[in-house]
file final.cif (mmCIF, C-alpha atoms and all ligand atoms)
data_entry
#
loop_
_atom_site.label_atom_id
_atom_site.label_comp_id
_atom_site.auth_asym_id
_atom_site.auth_seq_id
_atom_site.Cartn_x
_atom_site.Cartn_y
_atom_site.Cartn_z
CA MET U 559 66.03 121.93 -53.93
CA GLU U 560 63.61 119.08 -53.47
CA TYR U 561 63.00 118.56 -57.19
CA ILE U 562 65.86 116.14 -57.62
CA SER U 563 68.23 114.16 -55.37
CA SER U 564 72.01 114.47 -55.62
CA LYS U 565 72.27 110.91 -56.88
CA ASN U 566 69.72 111.59 -59.61
CA ILE U 567 71.54 114.78 -60.66
CA PHE U 568 74.56 112.59 -61.37
CA LEU U 569 72.51 109.93 -63.20
CA LEU U 570 70.75 112.56 -65.27
CA LEU U 571 74.00 114.21 -66.33
CA ARG U 572 75.53 110.83 -67.19
CA ASP U 573 72.50 109.66 -69.16
CA THR U 574 72.17 112.98 -71.00
CA LEU U 575 75.74 112.53 -72.24
CA LYS U 576 74.92 108.93 -73.17
CA LEU U 577 72.31 110.28 -75.57
CA ILE U 578 75.18 111.72 -77.63
CA ASP U 579 77.30 108.58 -77.34
CA ARG U 580 77.27 106.08 -74.54
CA ARG U 581 80.87 104.88 -74.87
CA PRO U 582 82.71 107.60 -72.89
CA MET U 583 80.17 107.32 -70.05
CA ASP U 584 80.25 103.51 -69.95
CA HIS U 585 84.04 103.68 -69.88
CA GLY U 586 83.77 106.43 -67.24
CA SER U 587 81.51 104.30 -65.02
CA ARG U 588 83.81 101.27 -65.16
CA THR U 589 86.87 103.47 -64.61
CA GLY U 590 85.03 105.13 -61.70
CA TYR U 591 84.39 101.74 -60.15
CA LEU U 592 88.06 100.68 -60.34
CA PHE U 593 89.13 104.11 -59.08
CA CYS U 594 86.79 104.05 -56.05
CA LYS U 595 87.86 100.54 -55.09
CA MET U 596 91.51 101.60 -55.30
CA LEU U 597 90.74 104.61 -53.09
CA GLU U 598 88.97 102.31 -50.65
CA CYS U 599 92.17 100.24 -50.42
CA LYS U 600 94.17 103.43 -49.86
CA GLY U 601 91.84 104.42 -47.03
CA GLY U 602 91.30 107.73 -45.25
CA TYR U 603 88.32 108.92 -47.30
CA GLU U 604 84.81 109.65 -46.11
CA GLN U 605 82.06 108.00 -48.15
CA TYR U 606 80.81 111.31 -49.54
CA GLU U 607 84.38 112.05 -50.75
CA ILE U 608 84.48 108.71 -52.57
CA ALA U 609 81.12 109.64 -54.14
CA ASP U 610 82.55 112.96 -55.36
CA PHE U 611 85.55 111.15 -56.85
CA LEU U 612 83.17 108.75 -58.57
CA MET U 613 81.42 111.63 -60.29
CA LEU U 614 84.69 113.15 -61.42
CA ALA U 615 86.01 109.79 -62.65
CA THR U 616 82.82 109.05 -64.59
CA LEU U 617 83.13 112.40 -66.35
CA HIS U 618 86.90 112.25 -66.87
CA ASP U 619 86.56 111.95 -70.68
CA ILE U 620 83.80 114.53 -71.08
CA GLY U 621 86.14 116.66 -73.22
CA ALA U 622 86.14 113.95 -75.89
CA TYR U 623 82.52 114.85 -76.72
CA LYS U 624 83.84 118.10 -78.11
CA THR U 625 87.32 117.29 -79.35
CA ASP U 626 87.32 113.76 -80.71
CA ARG U 627 85.55 111.02 -82.56
CA MET U 628 84.03 108.85 -79.86
CA GLY U 629 84.92 105.58 -81.56
CA ASP U 630 88.58 106.54 -81.79
CA ARG U 631 89.40 106.02 -78.12
CA LEU U 632 92.89 104.67 -78.68
CA THR U 633 93.85 107.98 -80.28
CA TYR U 634 92.35 110.31 -77.70
CA GLU U 635 93.41 108.23 -74.71
CA PHE U 636 96.86 107.07 -75.69
CA LYS U 637 98.24 108.68 -78.84
CA GLU U 638 97.04 112.25 -78.48
CA PRO U 639 95.46 112.64 -75.04
CA MET U 640 95.90 116.35 -74.35
CA PRO U 641 93.02 117.77 -76.45
CA HIS U 642 90.27 115.84 -74.61
CA SER U 643 92.05 116.29 -71.25
CA SER U 644 92.31 120.05 -71.73
CA TYR U 645 88.78 120.63 -72.98
CA GLY U 646 87.37 118.41 -70.23
CA PHE U 647 89.33 120.40 -67.65
CA LEU U 648 88.06 123.75 -69.04
CA PHE U 649 84.47 122.51 -69.16
CA LEU U 650 84.48 121.12 -65.61
CA LYS U 651 86.27 124.17 -64.23
CA ASN U 652 84.10 126.81 -65.88
CA ILE U 653 80.68 125.22 -66.22
CA THR U 654 80.25 122.73 -63.36
CA PRO U 655 80.63 122.86 -59.56
CA LEU U 656 83.56 120.40 -59.87
CA GLU U 657 86.01 123.28 -60.19
CA SER U 658 88.36 122.19 -57.42
CA MET U 659 88.81 118.69 -58.89
CA ALA U 660 88.97 119.73 -62.55
CA ARG U 661 92.77 119.53 -62.74
CA MET U 662 92.53 115.78 -62.19
CA VAL U 663 91.07 115.62 -65.69
CA LEU U 664 93.80 117.85 -67.13
CA TYR U 665 96.52 115.47 -65.86
CA HIS U 666 94.74 112.13 -66.17
CA ARG U 667 96.90 111.00 -69.11
CA VAL U 668 100.16 112.58 -67.96
CA PRO U 669 103.09 110.40 -66.72
CA CYS U 670 103.19 110.29 -62.91
CA THR U 671 106.56 112.02 -62.98
CA LYS U 672 105.00 115.09 -64.65
CA ILE U 673 101.93 115.57 -62.46
CA PRO U 674 102.48 118.77 -60.43
CA ARG U 675 102.63 118.20 -56.71
CA ASP U 676 103.25 121.44 -54.86
CA ASP U 677 100.02 123.28 -55.50
CA PHE U 678 97.79 120.36 -56.43
CA GLN U 679 95.91 118.62 -53.64
CA TYR U 680 94.71 115.73 -55.80
CA ALA U 681 98.05 114.64 -57.31
CA ALA U 682 97.95 111.18 -55.66
CA GLU U 683 94.34 110.59 -56.75
CA THR U 684 95.19 111.67 -60.30
CA GLU U 685 97.89 109.00 -60.48
CA ILE U 686 95.35 106.43 -59.33
CA LEU U 687 92.74 107.63 -61.85
CA SER U 688 95.30 107.41 -64.63
CA LEU U 689 95.97 103.74 -63.88
CA ALA U 690 92.28 102.94 -63.31
CA GLU U 691 91.34 104.25 -66.75
CA ALA U 692 94.20 102.45 -68.52
CA ALA U 693 93.29 99.21 -66.71
CA GLU U 694 89.66 99.62 -67.84
CA VAL U 695 90.63 100.16 -71.48
CA TYR U 696 93.07 97.23 -71.63
CA HIS U 697 90.80 94.92 -69.64
CA LEU U 698 88.04 95.50 -72.17
CA ALA U 699 90.33 95.27 -75.20
CA LEU U 700 92.29 92.17 -74.18
CA GLY U 701 89.51 90.16 -72.51
CA GLU U 702 90.83 86.86 -71.17
CA GLY U 703 94.37 87.85 -72.10
CA PHE U 704 94.34 90.81 -69.70
CA ASP U 705 96.81 90.73 -66.84
CA HIS U 706 96.59 93.71 -64.49
CA THR U 707 100.29 93.42 -63.61
CA MET U 708 101.18 94.42 -67.20
CA PHE U 709 101.38 98.08 -66.09
CA ARG U 710 104.38 97.30 -63.84
CA ARG U 711 106.48 97.65 -67.00
CA GLN U 712 105.88 101.40 -66.70
CA GLU U 713 106.35 101.59 -62.93
CA GLY U 714 107.91 104.88 -61.93
CA THR U 715 107.86 106.19 -65.49
CA PHE U 716 104.14 106.45 -66.29
CA TYR U 717 102.36 104.81 -63.35
CA SER U 718 103.30 105.40 -59.72
CA THR U 719 104.26 102.53 -57.44
CA GLU U 720 101.47 103.51 -55.04
CA ALA U 721 98.83 103.34 -57.78
CA LEU U 722 100.14 99.97 -58.99
CA ASP U 723 100.10 98.61 -55.43
CA LEU U 724 96.54 99.84 -55.00
CA LEU U 725 95.43 98.06 -58.17
CA ASP U 726 96.97 94.84 -56.84
CA ALA U 727 95.15 95.38 -53.55
CA ALA U 728 91.81 96.08 -55.27
CA VAL U 729 92.15 92.86 -57.29
CA GLU U 730 93.02 90.85 -54.20
CA ARG U 731 90.47 92.38 -51.85
CA PHE U 732 87.52 93.02 -54.17
CA ASP U 733 88.19 90.89 -57.28
CA VAL U 734 87.37 94.03 -59.24
CA PHE U 735 87.74 92.68 -62.77
CA SER U 736 85.29 89.82 -62.14
CA HIS U 737 82.77 92.41 -60.97
CA LEU U 738 83.32 94.34 -64.18
CA ASN U 739 82.87 91.13 -66.19
CA ASP U 740 79.57 90.12 -64.62
CA GLU U 741 78.30 93.74 -64.39
CA SER U 742 77.78 93.43 -60.61
CA TYR U 743 79.98 96.53 -60.24
CA GLN U 744 76.88 98.56 -61.14
CA ASN U 745 75.19 97.62 -57.84
CA GLU U 746 78.29 98.75 -55.96
CA LEU U 747 78.30 102.05 -57.83
CA ASP U 748 74.67 102.48 -56.85
CA GLU U 749 75.58 102.10 -53.19
CA ILE U 750 78.36 104.70 -53.47
CA LEU U 751 75.96 107.14 -55.15
CA GLU U 752 73.70 107.08 -52.08
CA TYR U 753 76.39 109.14 -50.32
CA MET U 754 76.48 111.89 -52.92
CA ILE U 755 75.62 115.22 -51.29
CA PHE U 756 75.27 118.45 -53.26
CA THR U 757 74.12 121.81 -51.96
CA ASN U 758 71.08 123.35 -53.64
CA GLU U 759 73.40 125.83 -55.33
CA ASP U 760 75.48 122.96 -56.76
CA LYS U 761 72.36 121.13 -57.91
CA LYS U 762 71.21 124.22 -59.76
CA LYS U 763 74.61 124.56 -61.40
CA PHE U 764 74.60 120.88 -62.41
CA ILE U 765 71.20 121.25 -64.07
CA GLN U 766 72.58 124.25 -65.94
CA THR U 767 75.55 122.03 -66.85
CA ILE U 768 73.10 119.54 -68.36
CA MET U 769 71.73 122.35 -70.50
CA PHE U 770 75.27 123.34 -71.51
CA CYS U 771 75.85 119.77 -72.76
CA ILE U 772 73.47 120.71 -75.59
CA GLY U 773 76.37 122.82 -76.89
CA PHE U 774 78.40 119.65 -77.54
CA ARG U 775 76.00 119.00 -80.38
CA SER U 776 75.65 122.52 -81.76
CA GLU U 777 75.98 126.12 -80.65
CA THR U 778 72.67 126.95 -82.34
CA SER U 779 70.94 124.47 -80.05
CA LEU U 780 72.59 126.07 -77.02
CA VAL U 781 71.35 129.51 -78.07
CA ASP U 782 67.85 128.06 -78.50
CA ALA U 783 67.98 126.42 -75.07
CA VAL U 784 69.08 129.59 -73.26
CA THR U 785 66.56 131.70 -75.15
CA SER U 786 63.60 129.55 -74.18
CA VAL U 787 64.80 129.37 -70.55
CA CYS U 788 64.81 133.17 -70.47
CA VAL U 789 61.48 133.61 -72.31
CA SER U 790 59.68 131.16 -70.01
CA ARG U 791 61.24 132.71 -66.89
CA LEU U 792 60.10 136.23 -67.84
CA LEU U 793 56.65 134.99 -68.81
CA SER U 794 56.26 133.15 -65.49
CA LYS U 795 57.02 136.41 -63.71
CA LYS U 796 54.68 138.50 -65.81
CA LEU U 797 51.88 135.99 -65.36
CA ASN U 798 52.42 136.02 -61.57
CA LEU U 799 52.98 132.31 -61.15
CA ALA U 800 53.38 131.16 -57.54
CA PRO U 801 57.13 130.98 -56.70
CA GLY U 802 57.09 127.16 -56.52
CA ASN U 803 55.49 126.88 -59.96
CA GLU U 804 57.83 129.50 -61.36
CA GLU U 805 60.74 127.35 -60.23
CA LYS U 806 59.22 124.23 -61.79
CA VAL U 807 58.90 125.99 -65.15
CA TYR U 808 62.51 127.15 -64.80
CA TYR U 809 63.92 123.66 -64.23
CA ALA U 810 61.68 122.17 -66.91
CA SER U 811 62.88 124.78 -69.40
CA LEU U 812 66.55 123.98 -68.67
CA ILE U 813 66.18 120.32 -69.59
CA HIS U 814 63.20 120.37 -71.97
CA ASP U 815 65.21 119.62 -75.13
CA ILE U 816 67.99 117.34 -73.87
CA GLY U 817 66.40 114.55 -75.93
CA MET U 818 67.61 116.44 -79.03
CA LEU U 819 71.10 115.19 -78.17
CA SER U 820 70.00 111.79 -79.46
CA ILE U 821 69.19 113.21 -82.90
CA PRO U 822 72.07 113.27 -85.42
CA ALA U 823 73.64 116.72 -85.91
CA SER U 824 73.27 116.29 -89.68
CA ILE U 825 69.48 116.48 -89.20
CA ILE U 826 69.45 119.27 -86.59
CA ASP U 827 71.77 121.51 -88.58
CA SER U 828 70.42 120.49 -91.97
CA PRO U 829 70.25 123.49 -94.32
CA LYS U 830 67.13 121.99 -95.95
CA LYS U 831 63.64 121.55 -94.59
CA LEU U 832 63.31 118.14 -92.96
CA THR U 833 61.77 115.23 -94.84
CA LYS U 834 58.78 113.46 -93.28
CA GLU U 835 61.02 110.61 -92.08
CA GLU U 836 63.54 113.01 -90.57
CA PHE U 837 60.78 114.90 -88.77
CA GLU U 838 59.41 111.63 -87.35
CA LEU U 839 62.88 110.90 -86.01
CA VAL U 840 63.17 114.40 -84.48
CA LYS U 841 59.83 113.84 -82.73
CA THR U 842 61.30 110.90 -80.81
CA HIS U 843 63.44 113.34 -78.79
CA VAL U 844 60.60 113.84 -76.29
CA SER U 845 60.10 110.17 -75.44
CA ARG U 846 63.86 109.66 -75.28
CA GLU U 847 64.27 112.40 -72.71
CA GLU U 848 61.18 111.27 -70.79
CA LYS U 849 62.87 107.90 -70.33
CA ILE U 850 65.84 109.43 -68.52
CA LEU U 851 63.85 112.05 -66.59
CA LEU U 852 61.02 109.90 -65.22
CA ASN U 853 61.40 108.84 -61.58
CA ARG U 854 64.47 111.02 -61.26
CA MET U 855 63.11 114.53 -61.32
CA ASP U 856 59.95 115.91 -59.74
CA SER U 857 57.02 114.52 -61.77
CA GLU U 858 55.50 117.98 -62.36
CA VAL U 859 58.78 119.32 -63.71
CA VAL U 860 59.00 116.31 -66.04
CA ALA U 861 55.39 116.83 -67.14
CA ILE U 862 56.11 120.47 -68.04
CA ALA U 863 59.31 119.58 -69.91
CA THR U 864 57.86 116.71 -71.92
CA ALA U 865 54.73 118.62 -73.00
CA HIS U 866 56.58 121.36 -74.85
CA HIS U 867 55.40 120.11 -78.25
CA GLU U 868 51.82 119.42 -77.16
CA ARG U 869 49.12 121.82 -78.38
CA LEU U 870 45.78 122.76 -76.79
CA ASP U 871 43.77 121.38 -79.73
CA GLY U 872 45.43 117.97 -79.46
CA SER U 873 47.52 118.40 -82.61
CA GLY U 874 50.85 118.27 -80.76
CA TYR U 875 53.10 115.36 -79.85
CA PRO U 876 53.96 112.89 -78.39
CA LYS U 877 50.69 112.31 -76.53
CA GLY U 878 48.25 114.59 -78.34
CA LEU U 879 47.13 116.09 -75.01
CA THR U 880 44.31 118.67 -75.15
CA ASP U 881 43.56 121.86 -73.19
CA LYS U 882 41.81 120.06 -70.33
CA ARG U 883 44.98 118.15 -69.57
CA LEU U 884 47.50 120.95 -70.08
CA SER U 885 48.46 123.26 -67.21
CA ARG U 886 49.38 126.93 -67.44
CA GLU U 887 52.99 126.00 -66.69
CA GLN U 888 53.06 123.56 -69.60
CA CYS U 889 51.51 126.19 -71.88
CA ILE U 890 54.19 128.73 -70.89
CA LEU U 891 56.97 126.40 -72.03
CA GLN U 892 55.06 125.61 -75.24
CA LEU U 893 54.83 129.29 -76.10
CA SER U 894 58.49 129.85 -75.16
CA ASP U 895 59.61 126.97 -77.35
CA VAL U 896 57.66 128.21 -80.39
CA ALA U 897 58.74 131.83 -79.84
CA THR U 898 62.36 130.66 -79.62
CA ALA U 899 62.09 128.66 -82.83
CA LEU U 900 60.66 131.69 -84.61
CA THR U 901 63.10 134.28 -83.30
CA CYS U 902 66.36 132.29 -83.42
CA VAL U 903 68.40 131.68 -86.55
CA ARG U 904 67.66 128.47 -88.44
CA PRO U 905 70.08 127.01 -91.00
CA TYR U 906 67.35 126.67 -93.66
CA ARG U 907 65.78 130.16 -93.45
CA GLU U 908 66.24 133.78 -92.42
CA THR U 909 65.02 134.90 -88.98
CA TYR U 910 61.41 136.11 -88.95
CA THR U 911 60.75 139.80 -88.36
CA LYS U 912 58.92 140.90 -85.22
CA ASP U 913 55.70 141.46 -87.20
CA GLU U 914 55.91 138.01 -88.76
CA VAL U 915 56.52 136.36 -85.37
CA ILE U 916 53.55 138.18 -83.85
CA GLU U 917 51.35 137.23 -86.80
CA ILE U 918 52.29 133.55 -86.60
CA LEU U 919 51.82 133.39 -82.83
CA SER U 920 48.47 135.21 -83.02
CA GLU U 921 47.27 132.71 -85.61
CA GLU U 922 48.41 129.80 -83.44
CA ALA U 923 46.47 131.24 -80.48
CA ALA U 924 43.39 132.07 -82.59
CA SER U 925 43.25 128.56 -84.00
CA GLY U 926 43.32 127.16 -80.47
CA ARG U 927 46.80 125.66 -80.46
CA LEU U 928 48.59 128.02 -78.09
CA ASN U 929 47.18 129.55 -74.89
CA LYS U 930 45.74 132.97 -75.79
CA GLN U 931 46.46 134.76 -72.50
CA ILE U 932 50.10 133.62 -72.50
CA THR U 933 50.53 134.49 -76.17
CA ASP U 934 49.08 137.98 -75.58
CA CYS U 935 51.38 138.47 -72.61
CA PHE U 936 54.38 137.57 -74.77
CA ILE U 937 53.30 139.84 -77.62
CA GLU U 938 52.71 142.78 -75.24
CA SER U 939 56.22 142.50 -73.85
CA TYR U 940 57.88 141.28 -77.05
CA ASP U 941 60.73 143.80 -77.15
CA GLU U 942 61.61 143.50 -73.49
CA ILE U 943 61.53 139.68 -73.49
CA ILE U 944 63.42 139.22 -76.75
CA SER U 945 66.15 141.73 -75.93
CA GLN U 946 66.72 140.13 -72.52
CA ALA U 947 66.70 136.63 -74.04
CA SER U 948 69.20 137.64 -76.75
CA LYS U 949 71.45 139.14 -74.09
CA GLU U 950 71.39 135.99 -71.94
CA ALA U 951 71.88 133.72 -74.95
CA ALA U 952 74.88 135.82 -76.05
CA GLU U 953 76.37 135.62 -72.53
CA ALA U 954 75.98 131.83 -72.44
CA LEU U 955 77.47 131.51 -75.89
CA ASP U 956 80.39 133.72 -74.80
CA ILE U 957 81.16 131.36 -71.91
CA TYR U 958 81.06 128.47 -74.34
CA LYS U 959 83.12 130.18 -77.01
CA ALA U 960 85.68 131.27 -74.39
CA LEU U 961 86.30 127.59 -73.63
CA GLY U 962 86.82 126.92 -77.32
CA LYS U 963 89.11 129.92 -77.64
CA LYS U 964 91.32 128.91 -74.71
CA PHE U 965 91.39 125.43 -76.14
CA LYS U 966 92.27 126.53 -79.66
CA SER U 967 95.01 128.85 -78.40
CA VAL U 968 96.84 125.73 -77.26
CA TYR U 969 95.80 123.12 -79.79
CA GLY U 970 94.66 124.97 -82.89
CA ASP U 971 91.74 124.10 -85.13
CA SER U 972 93.20 120.90 -86.47
CA LYS U 973 92.76 119.06 -83.18
CA ASN U 974 89.19 120.20 -82.70
CA ARG U 975 87.92 117.55 -85.04
CA ASN U 976 84.23 118.14 -84.57
CA ASN U 977 84.42 121.77 -85.60
FE FE V 1001 89.32 107.59 -70.26
FE FE V 1002 90.93 110.13 -71.10
FE FE V 1003 61.72 119.94 -78.50
#
call {"tool": "encode", "arguments": {"input": "final.cif", "output": "structure tokens", "more": "lines below"}}
Ligand SMILES: [Fe+2]
Ligand SMILES: [Fe+2]
Ligand SMILES: [Fe+2]
result
Amino acid sequence: MEYISSKNIFLLLRDTLKLIDRRPMDHGSRTGYLFCKMLECKGGYEQYEIADFLMLATLHDIGAYKTDRMGDRLTYEFKEPMPHSSYGFLFLKNITPLESMARMVLYHRVPCTKIPRDDFQYAAETEILSLAEAAEVYHLALGEGFDHTMFRRQEGTFYSTEALDLLDAAVERFDVFSHLNDESYQNELDEILEYMIFTNEDKKKFIQTIMFCIGFRSETSLVDAVTSVCVSRLLSKKLNLAPGNEEKVYYASLIHDIGMLSIPASIIDSPKKLTKEEFELVKTHVSREEKILLNRMDSEVVAIATAHHERLDGSGYPKGLTDKRLSREQCILQLSDVATALTCVRPYRETYTKDEVIEILSEEAASGRLNKQITDCFIESYDEIISQASKEAAEALDIYKALGKKFKSVYGDSKNRNN
């Protein structure tokens, strides 16, 4: 897939999660840096393997987005680490292409003596990750008072001798903590990322992962996202788009609302109609996502994604583009987004009936806001499109709920603090 490089897939996933809260990803990046430098001291890895480990290490706390309060790191890392470790493991194993490494996340806060060895190929790396993340947390918390040899007190009980030796080596050889202090580690991470190689299949799955991150905020938003992906895909087919353009609409639809992750859940799930101020804030989601998409993804895909609230008569946002500057592909996503909003459940109102949806869409097309041909195509195939979209949204939600169910069967509702 030439629409995005492997390196940019990683950056996009990381920055999408930063829209929710940047702390776990900043911690993940610094931990990833320490981890990679320790692996370099260990030796025996190809550069693309180090790049894969960097991705895993950056995402090692992804579970915390679902299970914990982001600001309460001391609790989820040290006092009660299993909820975020378990949810992160389930998410990486079931949603992303990082399946084979996912157990590293499950055991990243487990004493070295308890990490399984027989059937786990990454046991040694997990021990190293465990020390890298603890070193990052304490280095940040203690500042000048930090001494990396402090972890020797738990040698052989929590941290392995090999991992502790590798941290010593990374300090001696690379002066790693100075590079964290002056931020120069970021340039080194950039160099490692150049070696990231994903297959097209993996890239596709990672972009779907980015869409699944919308579920960290709310399941309603995930249903909306999957519905509009399906509606726009079926419309592209029915309107006989060239295969390349069809694909561009598909990728644009997957990521078109990731900017919503930067909007507080209290506003998105508000049972009342939004105030003017709240609506102005919601509108910023497009420019926020444009910032992280530009220069990373194919410019036409970005243009389709970021025009989903534009309207042909210029009344849309954020740029007020008019029909002359809007392509068919952009208009397809606009229609899909509106149709999704009308057909999916909203906290502040009942779902519209089919007749009401058709009436609203017809009015939008007649008043020159939505493309008439695309609107007619949707209305003609309403039943087929909506039943397929509901089916796909239910399937996606099932995958998501299955993660929650497995998680709750071990930890119960009380640990799942965001729910
Ligand atoms: Fe961590
Ligand atoms: Fe953690
Ligand atoms: Fe939107």
call {"tool": "closest_atom_pairs", "arguments": {"input": "final.cif", "of": "chain U", "to": "ligand FE 1002 (chain V)", "cutoff": "8 Å", "atoms": "all atoms listed in the file", "output": "CSV"}}
result
residue,atom,partner,partner_atom,distance
U:His618,CA,V:FE1002,FE,6.2
U:Asp619,CA,V:FE1002,FE,4.8
U:Ala622,CA,V:FE1002,FE,7.8
U:Tyr634,CA,V:FE1002,FE,6.8
U:Glu635,CA,V:FE1002,FE,4.8
U:Pro639,CA,V:FE1002,FE,6.5
U:His642,CA,V:FE1002,FE,6.7
U:Ser643,CA,V:FE1002,FE,6.3
U:Val663,CA,V:FE1002,FE,7.7
U:His666,CA,V:FE1002,FE,6.5
U:Arg667,CA,V:FE1002,FE,6.4
U:Glu691,CA,V:FE1002,FE,7.3
call {"tool": "closest_atom_pairs", "arguments": {"input": "final.cif", "of": "chain U", "to": "ligand FE 1001 (chain V)", "cutoff": "12 Å", "atoms": "only C-alpha atoms and all ligand atoms", "output": "tab-separated table"}}
result
residue	atom	partner	partner_atom	distance
U:Arg581	CA	V:FE1001	FE	10.0
U:Pro582	CA	V:FE1001	FE	7.1
U:Met583	CA	V:FE1001	FE	9.2
U:Asp584	CA	V:FE1001	FE	10.0
U:His585	CA	V:FE1001	FE	6.6
U:Gly586	CA	V:FE1001	FE	6.4
U:Ser587	CA	V:FE1001	FE	10.0
U:Arg588	CA	V:FE1001	FE	9.8
U:Thr589	CA	V:FE1001	FE	7.4
U:Gly590	CA	V:FE1001	FE	9.9
U:Phe593	CA	V:FE1001	FE	11.7
U:Leu614	CA	V:FE1001	FE	11.4
U:Ala615	CA	V:FE1001	FE	8.6
U:Thr616	CA	V:FE1001	FE	8.7
U:Leu617	CA	V:FE1001	FE	8.8
U:His618	CA	V:FE1001	FE	6.3
U:Asp619	CA	V:FE1001	FE	5.2
U:Ile620	CA	V:FE1001	FE	8.9
U:Gly621	CA	V:FE1001	FE	10.1
U:Ala622	CA	V:FE1001	FE	9.1
U:Tyr623	CA	V:FE1001	FE	11.9
U:Met628	CA	V:FE1001	FE	11.0
U:Asp630	CA	V:FE1001	FE	11.6
U:Arg631	CA	V:FE1001	FE	8.0
U:Leu632	CA	V:FE1001	FE	9.6
U:Thr633	CA	V:FE1001	FE	11.0
U:Tyr634	CA	V:FE1001	FE	8.5
U:Glu635	CA	V:FE1001	FE	6.1
U:Phe636	CA	V:FE1001	FE	9.3
U:Pro639	CA	V:FE1001	FE	9.3
U:Met640	CA	V:FE1001	FE	11.7
U:His642	CA	V:FE1001	FE	9.4
U:Ser643	CA	V:FE1001	FE	9.2
U:Gly646	CA	V:FE1001	FE	11.0
U:Met662	CA	V:FE1001	FE	11.9
U:Val663	CA	V:FE1001	FE	9.4
U:Leu664	CA	V:FE1001	FE	11.6
U:Tyr665	CA	V:FE1001	FE	11.5
U:His666	CA	V:FE1001	FE	8.2
U:Arg667	CA	V:FE1001	FE	8.4
U:Leu687	CA	V:FE1001	FE	9.1
U:Ser688	CA	V:FE1001	FE	8.2
U:Leu689	CA	V:FE1001	FE	10.0
U:Ala690	CA	V:FE1001	FE	8.9
U:Glu691	CA	V:FE1001	FE	5.2
U:Ala692	CA	V:FE1001	FE	7.3
U:Ala693	CA	V:FE1001	FE	9.9
U:Glu694	CA	V:FE1001	FE	8.3
U:Val695	CA	V:FE1001	FE	7.6
U:Tyr696	CA	V:FE1001	FE	11.1
call {"tool": "residues_around", "arguments": {"input": "final.cif", "residues": "Asp733 in chain U", "least_positions_apart": "6", "cutoff": "12 Å", "atoms": "only C-alpha atoms", "output": "list in words"}}
result
Tyr591, Leu592, Lys595, Met596, His706, Leu725, Asp726, Ala727, Asn739, Asp740, Ser742 and Tyr743 of chain U
call {"tool": "residues_around", "arguments": {"input": "final.cif", "residues": "range 926-936 of chain U", "least_positions_apart": "3", "cutoff": "8 Å", "atoms": "all atoms listed in the file", "output": "PyMOL selection string"}}
result
chain U and resi 793+796-797+869-873+889-890+892-893+919-920+922-923+939-940+943
call {"tool": "residues_near_ligand", "arguments": {"input": "final.cif", "ligand": "ligand FE 1003 (chain V)", "cutoff": "8 Å", "atoms": "all atoms listed in the file", "output": "list in words"}}
result
His814, Asp815, Gly817, Met818, Lys841, His843, Val844, His866, His867 and Asp895 of chain U
call {"tool": "atom_distance", "arguments": {"input": "final.cif", "atom1": "CA of Arg675 in chain U", "atom2": "CA of Ala609 in chain U"}}
result
23.3 Å
call {"tool": "atom_distance", "arguments": {"input": "final.cif", "atom1": "CA of Leu812 in chain U", "atom2": "CA of Ile608 in chain U"}}
result
28.5 Å
call {"tool": "residues_near_point", "arguments": {"input": "final.cif", "point": "(64.3, 108.7, -66.5)", "cutoff": "12 Å", "atoms": "all atoms listed in the file", "output": "list in words"}}
result
Ile562, Asn566, Ile567, Leu569, Leu570, Leu571, Arg572, Asp573, Thr574, Ile816, Gly817, Val844, Ser845, Arg846, Glu847, Glu848, Lys849, Ile850, Leu851, Leu852, Asn853, Arg854, Met855, Asp856, Ser857, Val860 and Thr864 of chain U
call {"tool": "closest_residue", "arguments": {"input": "final.cif", "among": "U:Gly602, U:Asp782, U:Glu720, U:Asp677", "to": "Ser894 in chain U", "atoms": "all atoms listed in the file"}}
result
U:Asp782
call {"tool": "atom_distance", "arguments": {"input": "final.cif", "atom1": "CA of Asp676 in chain U", "atom2": "CA of Asp723 in chain U"}}
result
23.1 Å
call {"tool": "closest_residue", "arguments": {"input": "final.cif", "among": "U:Lys565, U:Glu560, U:Leu700, U:Lys672", "to": "Glu805 in chain U", "atoms": "all atoms listed in the file"}}
result
U:Glu560
call {"tool": "closest_residue", "arguments": {"input": "final.cif", "among": "U:Lys576, U:Lys637, U:His697, U:Arg904", "to": "Phe735 in chain U", "atoms": "only C-alpha atoms"}}
result
U:His697
call {"tool": "closest_residue", "arguments": {"input": "final.cif", "among": "U:Val807, U:Ile821, U:Ala728, U:Leu839", "to": "Asp579 in chain U", "atoms": "all atoms listed in the file"}}
result
U:Ile821
call {"tool": "decode", "arguments": {"input": "final.cif", "residues": "range 876-889 of chain U", "atoms": "C-alpha atoms", "output": "CSV table (one decimal), in the first residue's frame"}}
result
chain,number,residue,atom,x,y,z
U,876,PRO,CA,-13.5,23.9,8.6
U,877,LYS,CA,-12.6,25.5,5.2
U,878,GLY,CA,-16.1,26.3,3.8
U,879,LEU,CA,-15.1,24.6,0.5
U,880,THR,CA,-17.7,24.8,-2.3
U,881,ASP,CA,-18.8,22.3,-5.1
U,882,LYS,CA,-16.0,23.4,-7.5
U,883,ARG,CA,-13.4,22.3,-5.0
U,884,LEU,CA,-15.0,19.1,-3.7
U,885,SER,CA,-14.4,15.8,-5.4
U,886,ARG,CA,-16.9,12.9,-5.8
U,887,GLU,CA,-14.8,10.9,-3.3
U,888,GLN,CA,-15.1,13.7,-0.7
U,889,CYS,CA,-18.8,14.0,-1.3
